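**Student:** Sharing structure-v9.txt, compact mmCIF, C-alpha atoms and all ligand atoms:
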```
# COMPACT_ATOMS: atom_id res chain seq x y z
CA MET Z 1 132.96 103.81 182.04
CA ASN Z 2 130.78 102.09 179.49
CA THR Z 3 128.47 104.49 177.68
CA ILE Z 4 127.40 102.15 174.91
CA LEU Z 5 125.77 99.40 176.93
CA ASP Z 6 123.13 99.96 179.57
CA SER Z 7 123.48 97.89 182.70
CA LYS Z 8 120.96 95.21 181.76
CA SER Z 9 122.15 94.63 178.26
CA GLU Z 10 125.71 94.85 179.52
CA GLY Z 11 125.03 92.06 181.96
CA ASP Z 12 123.33 89.96 179.26
CA ALA Z 13 126.10 90.62 176.80
CA LEU Z 14 128.94 89.91 179.21
CA SER Z 15 127.48 86.67 180.55
CA ARG Z 16 128.77 84.79 177.52
CA TYR Z 17 132.42 85.58 178.30
CA THR Z 18 134.92 83.79 180.52
CA VAL Z 19 137.82 85.18 182.52
CA ILE Z 20 140.63 82.73 183.26
CA MET Z 21 142.74 83.36 186.33
CA VAL Z 22 146.02 81.55 186.95
CA ASP Z 23 147.97 81.59 190.21
CA ASP Z 24 150.00 78.94 191.97
CA GLU Z 25 148.61 80.02 195.32
CA LEU Z 26 145.21 78.54 195.98
CA ASN Z 27 144.23 81.11 198.59
CA ILE Z 28 144.84 83.89 196.05
CA LEU Z 29 142.67 82.08 193.56
CA GLN Z 30 139.95 81.73 196.16
CA THR Z 31 140.20 85.43 196.98
CA LEU Z 32 139.97 86.30 193.34
CA LYS Z 33 136.97 84.03 192.86
CA ARG Z 34 135.20 85.58 195.78
CA CYS Z 35 136.06 89.05 194.57
CA PHE Z 36 134.39 88.36 191.17
CA SER Z 37 131.53 86.24 192.46
CA ARG Z 38 128.85 88.82 191.65
CA GLU Z 39 129.99 89.46 188.10
CA LYS Z 40 127.93 88.26 185.13
CA PHE Z 41 130.90 86.79 183.30
CA ARG Z 42 132.26 83.40 184.26
CA ILE Z 43 135.47 83.00 186.26
CA ILE Z 44 137.55 79.84 186.00
CA CYS Z 45 140.88 79.27 187.71
CA ALA Z 46 144.01 77.27 187.24
CA ASN Z 47 146.92 76.96 189.63
CA SER Z 48 149.68 76.55 187.06
CA GLY Z 49 150.64 77.81 183.64
CA ALA Z 50 150.18 74.33 182.15
CA GLU Z 51 146.70 73.94 183.59
CA GLY Z 52 145.90 77.50 182.54
CA LEU Z 53 146.90 76.70 178.92
CA LYS Z 54 144.66 73.66 178.96
CA LEU Z 55 141.73 75.77 180.14
CA VAL Z 56 142.38 78.45 177.52
CA ALA Z 57 142.49 75.80 174.80
CA GLU Z 58 139.23 74.18 175.92
CA THR Z 59 137.16 77.25 176.68
CA ALA Z 60 135.19 79.37 174.27
CA ASN Z 61 134.85 83.15 174.51
CA VAL Z 62 137.85 83.72 176.73
CA ALA Z 63 137.77 87.50 177.11
CA VAL Z 64 140.45 88.08 179.71
CA ILE Z 65 143.38 86.05 181.01
CA VAL Z 66 144.82 87.12 184.36
CA SER Z 67 148.02 85.51 185.46
CA ASP Z 68 150.40 85.70 188.36
CA GLN Z 69 153.96 86.27 187.19
CA ARG Z 70 155.85 84.24 189.69
CA MET Z 71 154.83 80.61 189.33
CA PRO Z 72 156.89 77.43 189.41
CA GLY Z 73 157.37 75.65 186.08
CA MET Z 74 155.94 78.19 183.69
CA ASN Z 75 155.98 81.80 184.78
CA GLY Z 76 153.26 84.30 183.91
CA SER Z 77 155.07 85.84 180.91
CA GLU Z 78 155.57 82.46 179.27
CA PHE Z 79 152.04 81.35 180.02
CA LEU Z 80 150.56 84.51 178.56
CA THR Z 81 152.79 84.23 175.47
CA ARG Z 82 151.78 80.61 174.87
CA SER Z 83 148.10 81.36 175.53
CA ARG Z 84 148.06 83.54 172.40
CA GLU Z 85 148.01 80.40 170.33
CA PHE Z 86 144.55 79.46 171.68
CA ALA Z 87 142.99 82.85 172.42
CA PRO Z 88 144.84 85.38 170.31
CA ASP Z 89 142.33 88.19 170.91
CA ALA Z 90 141.85 87.76 174.66
CA ILE Z 91 143.05 90.65 176.82
CA ARG Z 92 146.01 89.59 178.95
CA MET Z 93 146.75 90.91 182.39
CA LEU Z 94 149.69 90.27 184.67
CA LEU Z 95 149.59 90.22 188.48
CA THR Z 96 153.00 91.15 189.65
CA GLY Z 97 155.01 92.68 192.47
CA PHE Z 98 156.94 95.94 191.98
CA SER Z 99 160.21 94.06 192.07
CA ASP Z 100 159.24 92.17 188.89
CA ILE Z 101 159.27 95.21 186.68
CA GLU Z 102 161.59 93.67 184.05
CA THR Z 103 159.55 90.52 183.63
CA THR Z 104 156.43 92.67 183.42
CA VAL Z 105 157.93 94.48 180.43
CA VAL Z 106 158.73 91.14 178.79
CA ALA Z 107 155.20 89.95 179.44
CA MET Z 108 153.81 93.07 177.85
CA ASN Z 109 156.11 92.91 174.82
CA GLU Z 110 156.06 89.21 174.07
CA GLY Z 111 153.04 87.89 175.87
CA GLY Z 112 150.75 90.59 174.55
CA ALA Z 113 149.78 91.67 178.09
CA THR Z 114 148.15 95.05 178.01
CA HIS Z 115 147.54 95.48 181.74
CA TYR Z 116 149.29 94.70 184.90
CA ILE Z 117 148.12 94.86 188.48
CA GLY Z 118 150.61 95.31 191.28
CA LYS Z 119 150.53 92.95 194.21
CA PRO Z 120 148.95 93.41 196.63
CA TRP Z 121 146.05 94.78 194.70
CA GLU Z 122 143.22 96.99 195.72
CA GLU Z 123 140.09 94.89 195.23
CA THR Z 124 137.78 97.55 193.77
CA MET Z 125 140.43 98.63 191.30
CA LEU Z 126 141.07 95.03 190.20
CA LEU Z 127 137.37 94.38 189.88
CA GLN Z 128 136.85 97.49 187.77
CA THR Z 129 139.91 96.84 185.57
CA VAL Z 130 138.83 93.27 184.75
CA ARG Z 131 135.24 94.36 184.20
CA ASP Z 132 136.45 97.10 181.81
CA CYS Z 133 138.62 94.61 179.96
CA VAL Z 134 135.70 92.20 179.48
CA THR Z 135 133.57 95.09 178.26
CA GLN Z 136 136.33 96.24 175.91
CA TYR Z 137 136.69 92.71 174.58
CA HIS Z 138 132.93 92.57 174.06
CA LEU Z 139 132.93 95.92 172.23
CA VAL Z 140 135.71 94.82 169.91
CA ARG Z 141 133.86 91.55 169.23
CA GLU Z 142 130.63 93.41 168.68
CA ASN Z 143 132.33 95.85 166.38
CA LEU Z 144 133.79 93.02 164.32
CA ARG Z 145 130.44 91.29 164.26
CA GLN Z 146 128.71 94.43 163.05
CA GLN Z 147 131.35 94.93 160.38
CA GLU Z 148 130.65 91.38 159.23
CA VAL Z 149 126.92 92.12 159.17
CA ILE Z 150 127.50 95.31 157.19
CA LYS Z 151 129.78 93.46 154.78
CA THR Z 152 127.20 90.72 154.29
CA GLN Z 153 124.42 93.27 153.82
CA TYR Z 154 126.56 95.17 151.36
CA GLU Z 155 127.21 91.98 149.40
CA GLU Z 156 123.50 91.17 149.47
CA LEU Z 157 122.73 94.68 148.26
CA GLU Z 158 125.24 94.32 145.45
CA ASP Z 159 123.71 90.97 144.55
CA TRP Z 160 120.28 92.49 144.65
CA ASN Z 161 121.42 95.37 142.48
CA ARG Z 162 122.96 92.99 139.99
CA ASN Z 163 119.81 90.88 139.98
CA LEU Z 164 117.71 93.99 139.65
CA LYS Z 165 119.71 95.07 136.62
CA GLU Z 166 119.29 91.62 135.11
CA ARG Z 167 115.58 91.64 135.92
CA VAL Z 168 115.17 95.09 134.40
CA LEU Z 169 117.08 93.98 131.30
CA THR Z 170 115.02 90.81 131.05
CA GLN Z 171 111.76 92.68 131.54
CA THR Z 172 112.79 95.37 129.07
CA GLY Z 173 113.54 92.58 126.61
CA GLN Z 174 110.15 91.02 127.27
CA ILE Z 175 108.38 94.36 126.83
CA ARG Z 176 110.30 94.94 123.61
CA THR Z 177 109.29 91.49 122.34
CA GLN Z 178 105.65 92.14 123.26
CA LEU Z 179 105.78 95.48 121.48
CA GLU Z 180 107.23 93.79 118.40
CA GLU Z 181 104.48 91.18 118.56
CA LEU Z 182 101.85 93.93 118.86
CA LYS Z 183 103.37 95.78 115.93
CA LEU Z 184 103.39 92.56 113.92
CA LEU Z 185 99.77 91.93 114.86
CA SER Z 186 98.73 95.42 113.90
CA ARG Z 187 100.74 95.14 110.65
CA ARG Z 188 98.99 91.85 109.90
CA GLN Z 189 95.60 93.40 110.62
CA GLU Z 190 96.49 96.33 108.40
CA GLU Z 191 97.60 93.91 105.67
CA LYS Z 192 94.32 92.02 106.08
CA TYR Z 193 92.39 95.30 105.79
CA VAL Z 194 94.37 96.37 102.72
CA GLY Z 195 93.99 92.86 101.26
CA THR Z 196 90.23 92.94 101.82
CA ILE Z 197 89.92 96.31 100.09
CA ALA Z 198 92.04 95.06 97.17
CA ALA Z 199 89.89 91.90 96.93
CA LEU Z 200 86.72 94.00 96.84
CA ALA Z 201 88.25 96.20 94.16
CA ALA Z 202 89.19 93.13 92.13
CA LEU Z 203 85.58 91.90 92.42
CA ILE Z 204 84.35 95.20 90.99
CA ASP Z 205 86.77 94.90 88.10
CA MET Z 206 85.60 91.34 87.46
CA ARG Z 207 81.99 92.51 87.48
CA ASP Z 208 82.89 95.18 84.91
CA PRO Z 209 85.56 93.58 82.71
CA ARG Z 210 85.59 96.62 80.46
CA SER Z 211 87.50 98.31 83.21
CA ARG Z 212 90.04 95.68 84.19
CA LEU Z 213 92.70 97.23 86.42
CA HIS Z 214 90.59 100.39 86.45
CA ALA Z 215 90.28 100.44 90.27
CA ALA Z 216 94.01 99.81 90.76
CA ASN Z 217 94.95 102.45 88.15
CA THR Z 218 92.56 105.01 89.62
CA ALA Z 219 94.00 104.36 93.08
CA ALA Z 220 97.61 104.65 91.86
CA LEU Z 221 96.89 107.93 90.07
CA SER Z 222 94.87 109.33 92.98
CA VAL Z 223 97.62 108.54 95.49
CA SER Z 224 100.20 110.08 93.21
CA ILE Z 225 98.16 113.29 92.76
CA ALA Z 226 97.29 113.53 96.48
CA THR Z 227 100.93 113.06 97.47
CA ARG Z 228 102.03 115.74 95.00
CA MET Z 229 99.45 118.05 96.55
CA GLY Z 230 101.07 117.52 99.97
CA LEU Z 231 98.11 115.78 101.65
CA SER Z 232 98.74 113.95 104.92
CA LYS Z 233 99.46 110.23 105.07
CA THR Z 234 96.01 109.55 106.57
CA GLU Z 235 94.27 111.58 103.87
CA VAL Z 236 96.25 109.80 101.16
CA GLU Z 237 95.30 106.39 102.60
CA THR Z 238 91.59 107.33 102.72
CA ILE Z 239 91.82 108.48 99.11
CA ARG Z 240 93.55 105.22 98.13
CA THR Z 241 90.76 103.16 99.74
CA ALA Z 242 88.02 105.30 98.19
CA ALA Z 243 89.67 105.11 94.76
CA LEU Z 244 89.92 101.32 94.96
CA LEU Z 245 86.22 101.04 95.84
CA HIS Z 246 84.84 104.00 93.91
CA ASP Z 247 82.86 101.88 91.47
CA ILE Z 248 81.63 99.26 93.94
CA GLY Z 249 78.09 100.54 93.30
CA LYS Z 250 78.33 99.20 89.74
CA ASN Z 251 77.74 95.74 91.21
CA ALA Z 252 74.07 96.71 91.40
CA MET Z 253 73.94 97.60 87.71
CA SER Z 254 72.86 95.34 84.86
CA ASP Z 255 75.39 93.76 82.50
CA VAL Z 256 73.96 95.83 79.67
CA THR Z 257 74.42 99.13 81.44
CA LEU Z 258 77.95 98.12 82.40
CA ALA Z 259 78.87 97.12 78.87
CA ILE Z 260 77.84 100.41 77.31
CA PHE Z 261 80.07 103.48 77.55
CA GLU Z 262 78.62 106.41 79.40
CA ASP Z 263 77.97 108.44 76.30
CA GLY Z 264 75.99 105.57 74.73
CA LEU Z 265 73.53 105.20 77.61
CA ASN Z 266 69.86 106.00 77.15
CA GLU Z 267 68.09 108.15 79.70
CA GLU Z 268 66.93 105.33 81.93
CA ASP Z 269 70.31 103.60 81.82
CA ARG Z 270 71.96 106.93 82.63
CA ARG Z 271 69.69 107.48 85.64
CA HIS Z 272 70.48 103.99 86.82
CA TYR Z 273 74.20 104.56 86.21
CA SER Z 274 74.19 107.84 88.16
CA GLU Z 275 73.06 105.98 91.26
CA HIS Z 276 76.28 103.97 91.57
CA PRO Z 277 78.20 106.47 93.77
CA VAL Z 278 75.37 106.58 96.34
CA LEU Z 279 74.90 102.81 96.17
CA ALA Z 280 78.61 102.43 96.86
CA GLN Z 281 78.53 104.77 99.85
CA THR Z 282 75.49 102.95 101.25
CA ALA Z 283 77.11 99.55 100.76
CA ILE Z 284 80.20 100.39 102.80
CA ASP Z 285 78.52 102.62 105.36
CA THR Z 286 78.11 99.70 107.79
CA ILE Z 287 81.90 99.52 108.16
CA GLU Z 288 82.82 102.44 110.38
CA GLU Z 289 86.44 102.60 109.20
CA LEU Z 290 85.27 103.00 105.60
CA ARG Z 291 82.84 105.89 106.20
CA PRO Z 292 85.35 108.69 105.37
CA ALA Z 293 86.14 106.85 102.12
CA GLY Z 294 82.38 106.47 101.54
CA VAL Z 295 81.96 110.25 101.47
CA LEU Z 296 84.71 110.58 98.86
CA ILE Z 297 83.15 107.81 96.78
CA ARG Z 298 79.73 109.48 96.86
CA HIS Z 299 81.13 112.54 95.11
CA HIS Z 300 83.52 110.98 92.59
CA HIS Z 301 81.25 111.95 89.67
CA GLU Z 302 80.74 115.57 90.71
CA ARG Z 303 82.15 118.08 88.23
CA TYR Z 304 83.92 121.33 88.96
CA ASP Z 305 81.18 123.34 87.27
CA GLY Z 306 78.43 121.62 89.27
CA SER Z 307 77.07 119.60 86.33
CA GLY Z 308 77.97 116.21 87.85
CA PHE Z 309 76.06 113.77 90.04
CA PRO Z 310 74.68 112.73 92.53
CA ASP Z 311 74.49 116.08 94.38
CA GLY Z 312 75.58 118.60 91.74
CA LEU Z 313 78.32 120.03 94.03
CA ALA Z 314 80.66 122.58 92.48
CA GLY Z 315 84.16 124.00 93.06
CA THR Z 316 85.49 123.69 96.57
CA ASP Z 317 82.20 122.21 97.83
CA ILE Z 318 83.39 118.98 96.28
CA PRO Z 319 85.57 117.14 98.80
CA LEU Z 320 89.19 117.39 97.63
CA GLY Z 321 89.63 113.60 97.76
CA SER Z 322 86.55 113.14 95.53
CA ALA Z 323 87.88 115.69 93.02
CA ILE Z 324 91.23 113.84 92.95
CA ILE Z 325 89.54 110.45 92.42
CA SER Z 326 87.28 111.98 89.76
CA LEU Z 327 90.33 113.28 87.87
CA ALA Z 328 92.13 109.93 88.14
CA ASP Z 329 88.98 108.01 87.13
CA HIS Z 330 88.48 110.26 84.13
CA CYS Z 331 92.13 109.89 83.12
CA ASP Z 332 92.08 106.08 83.33
CA ARG Z 333 89.04 105.95 81.08
CA GLU Z 334 90.52 108.42 78.60
CA ILE Z 335 93.88 106.72 78.23
CA ASN Z 336 92.26 103.75 76.51
CA SER Z 337 91.50 105.99 73.54
CA PHE Z 338 95.12 106.96 72.88
CA TYR Z 339 97.96 105.06 71.28
CA GLY Z 340 101.51 105.79 70.29
CA ALA Z 341 104.53 107.33 71.96
CA ASN Z 342 102.67 110.54 72.68
CA ALA Z 343 99.52 108.88 73.98
CA VAL Z 344 99.75 110.35 77.48
CA SER Z 345 100.53 113.87 76.23
CA LEU Z 346 97.68 113.70 73.71
CA MET Z 347 95.30 112.49 76.37
CA LEU Z 348 96.38 115.30 78.73
CA GLU Z 349 95.83 117.81 75.92
CA LYS Z 350 92.30 116.54 75.49
CA MET Z 351 91.62 116.61 79.21
CA ALA Z 352 93.04 120.14 79.49
CA THR Z 353 90.04 121.35 77.50
CA GLN Z 354 87.85 120.38 80.44
CA VAL Z 355 89.81 122.27 83.11
CA GLY Z 356 87.45 124.73 84.76
CA THR Z 357 84.37 122.82 83.63
CA GLY Z 358 84.71 119.16 84.59
CA ILE Z 359 88.16 119.37 86.16
CA ALA Z 360 89.36 121.49 89.10
CA PRO Z 361 92.13 123.84 87.84
CA GLN Z 362 94.36 123.40 90.91
CA LEU Z 363 94.46 119.61 90.48
CA PHE Z 364 95.23 119.31 86.82
CA PRO Z 365 98.96 120.22 87.00
CA CYS Z 366 99.51 117.32 89.42
CA LEU Z 367 98.10 114.83 86.91
CA ASP Z 368 100.83 115.37 84.31
CA GLN Z 369 103.72 113.48 85.92
CA ALA Z 370 101.40 111.02 87.66
CA ALA Z 371 99.90 109.95 84.32
CA HIS Z 372 103.29 109.69 82.60
CA ASP Z 373 104.63 107.59 85.49
CA LEU Z 374 101.72 105.17 85.32
CA TYR Z 375 101.07 104.77 81.60
CA ASP Z 376 104.21 105.55 79.58
CA SER Z 377 105.88 102.18 80.00
CA ARG Z 378 102.61 100.27 79.48
CA ILE Z 379 101.87 102.12 76.25
CA LYS Z 380 105.36 101.38 75.02
CA GLU Z 381 104.71 97.68 75.61
CA ARG Z 382 101.52 97.66 73.57
CA GLY Z 383 103.19 99.38 70.57
CA ASN Z 384 103.55 103.03 69.88
CA ASP Z 385 103.05 103.29 66.15
CA LEU Z 386 99.32 102.66 66.03
CA ILE Z 387 96.67 104.94 64.70
CA GLN Z 388 93.24 104.43 66.15
CA LEU Z 389 89.85 104.35 64.57
CA GLU Z 390 86.28 103.47 65.41
CA VAL Z 391 84.85 101.21 62.75
CA ILE Z 392 81.61 99.33 62.13
CA PRO Z 393 81.80 95.49 62.13
CA ALA Z 394 81.68 95.32 58.35
CA LYS Z 395 84.94 97.35 58.16
CA LEU Z 396 87.01 95.04 60.33
CA ARG Z 397 90.23 93.94 58.60
CA ILE Z 398 92.94 91.37 59.26
CA GLY Z 399 95.82 92.85 61.32
CA MET Z 400 93.70 95.45 63.06
CA ILE Z 401 94.26 95.53 66.81
CA LEU Z 402 91.48 96.10 69.36
CA THR Z 403 92.26 99.16 71.48
CA ARG Z 404 89.47 98.46 73.97
CA ASP Z 405 88.03 95.27 75.37
CA LEU Z 406 85.20 94.29 73.04
CA PHE Z 407 81.69 93.46 74.27
CA SER Z 408 78.50 92.52 72.47
CA ALA Z 409 75.71 95.09 72.61
CA SER Z 410 74.07 93.07 75.38
CA GLY Z 411 77.28 93.05 77.41
CA LEU Z 412 78.91 89.72 76.56
CA PHE Z 413 82.70 89.90 76.73
CA LEU Z 414 84.13 88.97 73.32
CA LEU Z 415 87.81 89.94 72.95
CA GLU Z 416 90.29 91.79 75.06
CA ALA Z 417 92.12 94.97 74.11
CA GLY Z 418 95.33 94.24 72.24
CA SER Z 419 93.88 91.25 70.33
CA GLU Z 420 94.85 91.15 66.67
CA LEU Z 421 92.04 90.44 64.23
CA ASN Z 422 92.24 87.49 61.84
CA VAL Z 423 89.87 85.81 59.40
CA ASN Z 424 88.24 83.68 62.06
CA ASN Z 425 87.61 86.23 64.76
CA ILE Z 426 86.43 88.81 62.20
CA ARG Z 427 83.82 86.35 60.93
CA SER Z 428 82.69 85.51 64.44
CA LEU Z 429 82.42 89.16 65.42
CA GLN Z 430 80.46 90.05 62.29
CA ARG Z 431 78.07 87.17 62.96
CA ILE Z 432 77.55 88.27 66.57
CA PHE Z 433 77.02 91.90 65.70
CA ALA Z 434 74.51 90.96 62.98
CA LEU Z 435 72.40 89.29 65.66
CA ASP Z 436 73.13 91.82 68.42
CA PRO Z 437 73.90 95.15 66.72
CA LEU Z 438 76.24 97.62 68.42
CA ARG Z 439 75.15 101.16 69.17
CA GLY Z 440 78.61 102.60 68.44
CA GLY Z 441 81.68 101.38 66.57
CA ILE Z 442 84.54 99.04 67.40
CA HIS Z 443 87.72 100.75 68.62
CA ILE Z 444 90.71 99.49 66.69
CA GLY Z 445 94.32 100.50 66.10
CA MET Z 446 96.40 99.96 63.00
CA HIS Z 447 100.15 100.06 62.55
CA THR Z 448 101.13 103.01 60.48
CA GLY Z 449 104.16 101.33 58.98
FE FE V 501 82.12 105.80 88.81
FE FE V 502 85.45 104.57 87.59
```
Spit out the file's structure as structure tokens when you get a sec.
**Tutor:**
Amino acid sequence: MNTILDSKSEGDALSRYTVIMVDDELNILQTLKRCFSREKFRIICANSGAEGLKLVAETANVAVIVSDQRMPGMNGSEFLTRSREFAPDAIRMLLTGFSDIETTVVAMNEGGATHYIGKPWEETMLLQTVRDCVTQYHLVRENLRQQEVIKTQYEELEDWNRNLKERVLTQTGQIRTQLEELKLLSRRQEEKYVGTIAALAALIDMRDPRSRLHAANTAALSVSIATRMGLSKTEVETIRTAALLHDIGKNAMSDVTLAIFEDGLNEEDRRHYSEHPVLAQTAIDTIEELRPAGVLIRHHHERYDGSGFPDGLAGTDIPLGSAIISLADHCDREINSFYGANAVSLMLEKMATQVGTGIAPQLFPCLDQAAHDLYDSRIKERGNDLIQLEVIPAKLRIGMILTRDLFSASGLFLLEAGSELNVNNIRSLQRIFALDPLRGGIHIGMHTG
């Protein structure tokens, strides 16, 4: 009958169950006991309903209750009904004669009996019926137990899922935080790098006070031109770095050479001056990240027509970044010679005459707006109704305004651009220039009004 359990596991499984048999006739109980003596499950007997109830209440794992119907005191139906209180799931079975058919129906309806065996019974049939009932009870128990296991496993799985979600969320959060930290670190390193470049550029400007802000202005103009030309972000950044450091080679030059404008240099000074792009490239070559900028710096004095230095490159042989820096560098030196509301336009007009010789034609149009953006507001601040002149020291007059930083012939810084001349500083300057005569004149501006 049982296809789920094999005989060994069936025996093992059934041994935990008890069958309670109740009959008022002792010889019947003895017969029953003998009949079931070889079964794995336990058989216990009571010879009254009251004793049977006591046994049911005290015994665990009662699988089957078999009761005679006709007993003094408490009959089988009543006993089975009352036994439900202590073993509600046990399978109940009534032993009854054919004449007791009515009470059998009551026992089945009220007492929860599901089987009855007619007296006298056939031993093999009784044995098999009880054995089947115990097995059925076991299967129901087992089924319930497995459902419990499945329910518990399901709950554990749900818990695990929930925890997994939380863990994933937590770990995602941690990864995000680490990424943010990495980004911050890389931003800080980038800021340090940019700060170092700016500090180097400031050192160059300090070394050559005639060109204060020159590195920053050249970089701003170069970036503006390169952006207008549609260069990539990386190219623009390399150009910015190169522009900031383009004159770093001037650190190796003497104060005298630095103090004199290019057109006032003698041949030896000029040769020395023309070395500064290569010196700059050599100086930064040890820093791998700066090498691309080093190449641009090397060529920032090349001219479009090939008349520049150090390599005499021409046209498109000149790296584009170098040509851009060269244009910006040139512009920032030129602007110091122009005053008034139209200073930038006048300067651009002058520079336009060099397009095709010193300046690459395709770059020049990009300079226009870049130069206006950078200089217009500054020129407005320093006054726009000045006319400019170059005068000898003896011609200095009160109220004149220096349009360039003023240096002695031997390179000593004397007065900054924008200073207004008065009796005292004119006397001092004339005394200095008598001892240390200038090669050129002093650049001054005068209000026209
Ligand atoms: Fe230079
Ligand atoms: Fe320069």
**Student:** For CA of Ala409 (chain Z) and CA of Leu438 (chain Z), determine how far apart the two atoms are, in Å to one decimal place.
**Tutor:**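 Interatomic distance, CA of Ala409 (chain Z) to CA of Leu438 (chain Z): 4.9 Å.
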**Student:** Using only the atoms of region 310-317 of chain Z listed in the file, plus 3 Å on each side, state the axis-aligned box centre and edge lengths in Å rounded to one decimal, as AutoDock Vina command-line options.
**Tutor:**
```
--center_x 80.0 --center_y 118.4 --center_z 94.8 --size_x 17.0 --size_y 17.3 --size_z 12.1
```
**Student:** Find the distance between CA of Val66 (chain Z) and CA of Ile117 (chain Z) and write it in Å to one decimal.
**Tutor:**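 Calculated distance between CA of Val66 (chain Z) and CA of Ile117 (chain Z) is 9.4 Å.
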**Student:** Please write out the residues within 7 Å of ligand FE 502 (chain V) as a list in words, counting only C-alpha atoms and all ligand atoms.
**Tutor:**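 Based on only C-alpha atoms and all ligand atoms, ligand FE 502 (chain V) is surrounded within 7 Å by His214, Ala215, His246, Asp247 and Asp329 of chain Z.
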**Student:** As a quick test: using only C-alpha atoms and all ligand atoms, which residues lie no more than 9 Å away from ligand FE 501 (chain V)? Give them as a VMD selection string.
**Tutor:** chain Z and resid 246 to 250 273 to 274 276 to 277 297 300 to 301 326 329
**Student:** Quick one: everything within 10 Å of Cys366 (chain Z), counting all atoms listed in the file, minus sequence neighbours fewer than 6 positions away in the same chain. Send it as a VMD selection string.
**Tutor:** chain Z and resid 221 to 222 224 to 229 324
**Student:** Within 9 Å of Asp311 (chain Z), counting only C-alpha atoms, which residues show up once you throw out same-chain ones fewer than 6 positions away? Write them as a PDB file with C-alpha atoms, keeping the file's coordinate frame, please.
**Tutor:**
```
ATOM      1  CA  ARG Z 298      79.730 109.480  96.860  1.00  0.00           C
ATOM      2  CA  HIS Z 299      81.130 112.540  95.110  1.00  0.00           C
ATOM      3  CA  GLU Z 302      80.740 115.570  90.710  1.00  0.00           C
TER       4      GLU Z 302
END
```
**Student:** What is the distance, in Å and to one decimal place, between CA of Leu415 (chain Z) and CA of Asn342 (chain Z)?
**Tutor:**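 Taking CA of Leu415 (chain Z) as the start and CA of Asn342 (chain Z) as the end point, the length is 25.4 Å.
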**Student:** Quick one: residues within 12 Å of Thr59 (chain Z), all atoms listed in the file, excluding same-chain residues fewer than 5 positions away - as a list of chain:residue names?
**Tutor:**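 Everything that qualifies: Z:Arg16, Z:Tyr17, Z:Thr18, Z:Val19, Z:Ile20, Z:Arg42, Z:Ile43, Z:Ile44, Z:Cys45, Z:Gly52, Z:Leu53, Z:Lys54, Z:Val64, Z:Ile65, Z:Ser83, Z:Phe86, Z:Ala87, Z:Ala90.
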**Student:** Need to verify the contact set: region 394-401 of chain Z, 12 Å, all atoms listed in the file, exclusion of same-chain residues closer than 2 positions in sequence. Can you return it as a PyMOL selection string?
**Tutor:** chain Z and resi 339+382-383+385-392+403-406+415-434+437-438+441-448
**Student:** Residues of the last selection are to be written out with C-alpha atoms, as a CSV table (one decimal), in the coordinates of the input.
**Tutor:**
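After the write, part_7.csv holds the following:
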```
chain,number,residue,atom,x,y,z
Z,339,TYR,CA,98.0,105.1,71.3
Z,382,ARG,CA,101.5,97.7,73.6
Z,383,GLY,CA,103.2,99.4,70.6
Z,385,ASP,CA,103.0,103.3,66.2
Z,386,LEU,CA,99.3,102.7,66.0
Z,387,ILE,CA,96.7,104.9,64.7
Z,388,GLN,CA,93.2,104.4,66.2
Z,389,LEU,CA,89.8,104.4,64.6
Z,390,GLU,CA,86.3,103.5,65.4
Z,391,VAL,CA,84.8,101.2,62.8
Z,392,ILE,CA,81.6,99.3,62.1
Z,403,THR,CA,92.3,99.2,71.5
Z,404,ARG,CA,89.5,98.5,74.0
Z,405,ASP,CA,88.0,95.3,75.4
Z,406,LEU,CA,85.2,94.3,73.0
Z,415,LEU,CA,87.8,89.9,73.0
Z,416,GLU,CA,90.3,91.8,75.1
Z,417,ALA,CA,92.1,95.0,74.1
Z,418,GLY,CA,95.3,94.2,72.2
Z,419,SER,CA,93.9,91.2,70.3
Z,420,GLU,CA,94.8,91.2,66.7
Z,421,LEU,CA,92.0,90.4,64.2
Z,422,ASN,CA,92.2,87.5,61.8
Z,423,VAL,CA,89.9,85.8,59.4
Z,424,ASN,CA,88.2,83.7,62.1
Z,425,ASN,CA,87.6,86.2,64.8
Z,426,ILE,CA,86.4,88.8,62.2
Z,427,ARG,CA,83.8,86.4,60.9
Z,428,SER,CA,82.7,85.5,64.4
Z,429,LEU,CA,82.4,89.2,65.4
Z,430,GLN,CA,80.5,90.0,62.3
Z,431,ARG,CA,78.1,87.2,63.0
Z,432,ILE,CA,77.6,88.3,66.6
Z,433,PHE,CA,77.0,91.9,65.7
Z,434,ALA,CA,74.5,91.0,63.0
Z,437,PRO,CA,73.9,95.2,66.7
Z,438,LEU,CA,76.2,97.6,68.4
Z,441,GLY,CA,81.7,101.4,66.6
Z,442,ILE,CA,84.5,99.0,67.4
Z,443,HIS,CA,87.7,100.8,68.6
Z,444,ILE,CA,90.7,99.5,66.7
Z,445,GLY,CA,94.3,100.5,66.1
Z,446,MET,CA,96.4,100.0,63.0
Z,447,HIS,CA,100.2,100.1,62.6
Z,448,THR,CA,101.1,103.0,60.5
```
**Student:** Using only C-alpha atoms, I'd like a table of the residues in region 265-329 of chain Z that come within 12 Å of region 188-198 of chain Z; for each, show the closest atom pair and its distance in Å rounded to one decimal, ordered by chain and ascending number, as a tab-separated table.
**Tutor:**
```
residue	atom	partner	partner_atom	distance
Z:Ile284	CA	Z:Ile197	CA	10.9
Z:Ile287	CA	Z:Tyr193	CA	11.6
Z:Glu289	CA	Z:Tyr193	CA	10.0
Z:Leu290	CA	Z:Ile197	CA	9.8
Z:Ala293	CA	Z:Ile197	CA	11.4
```
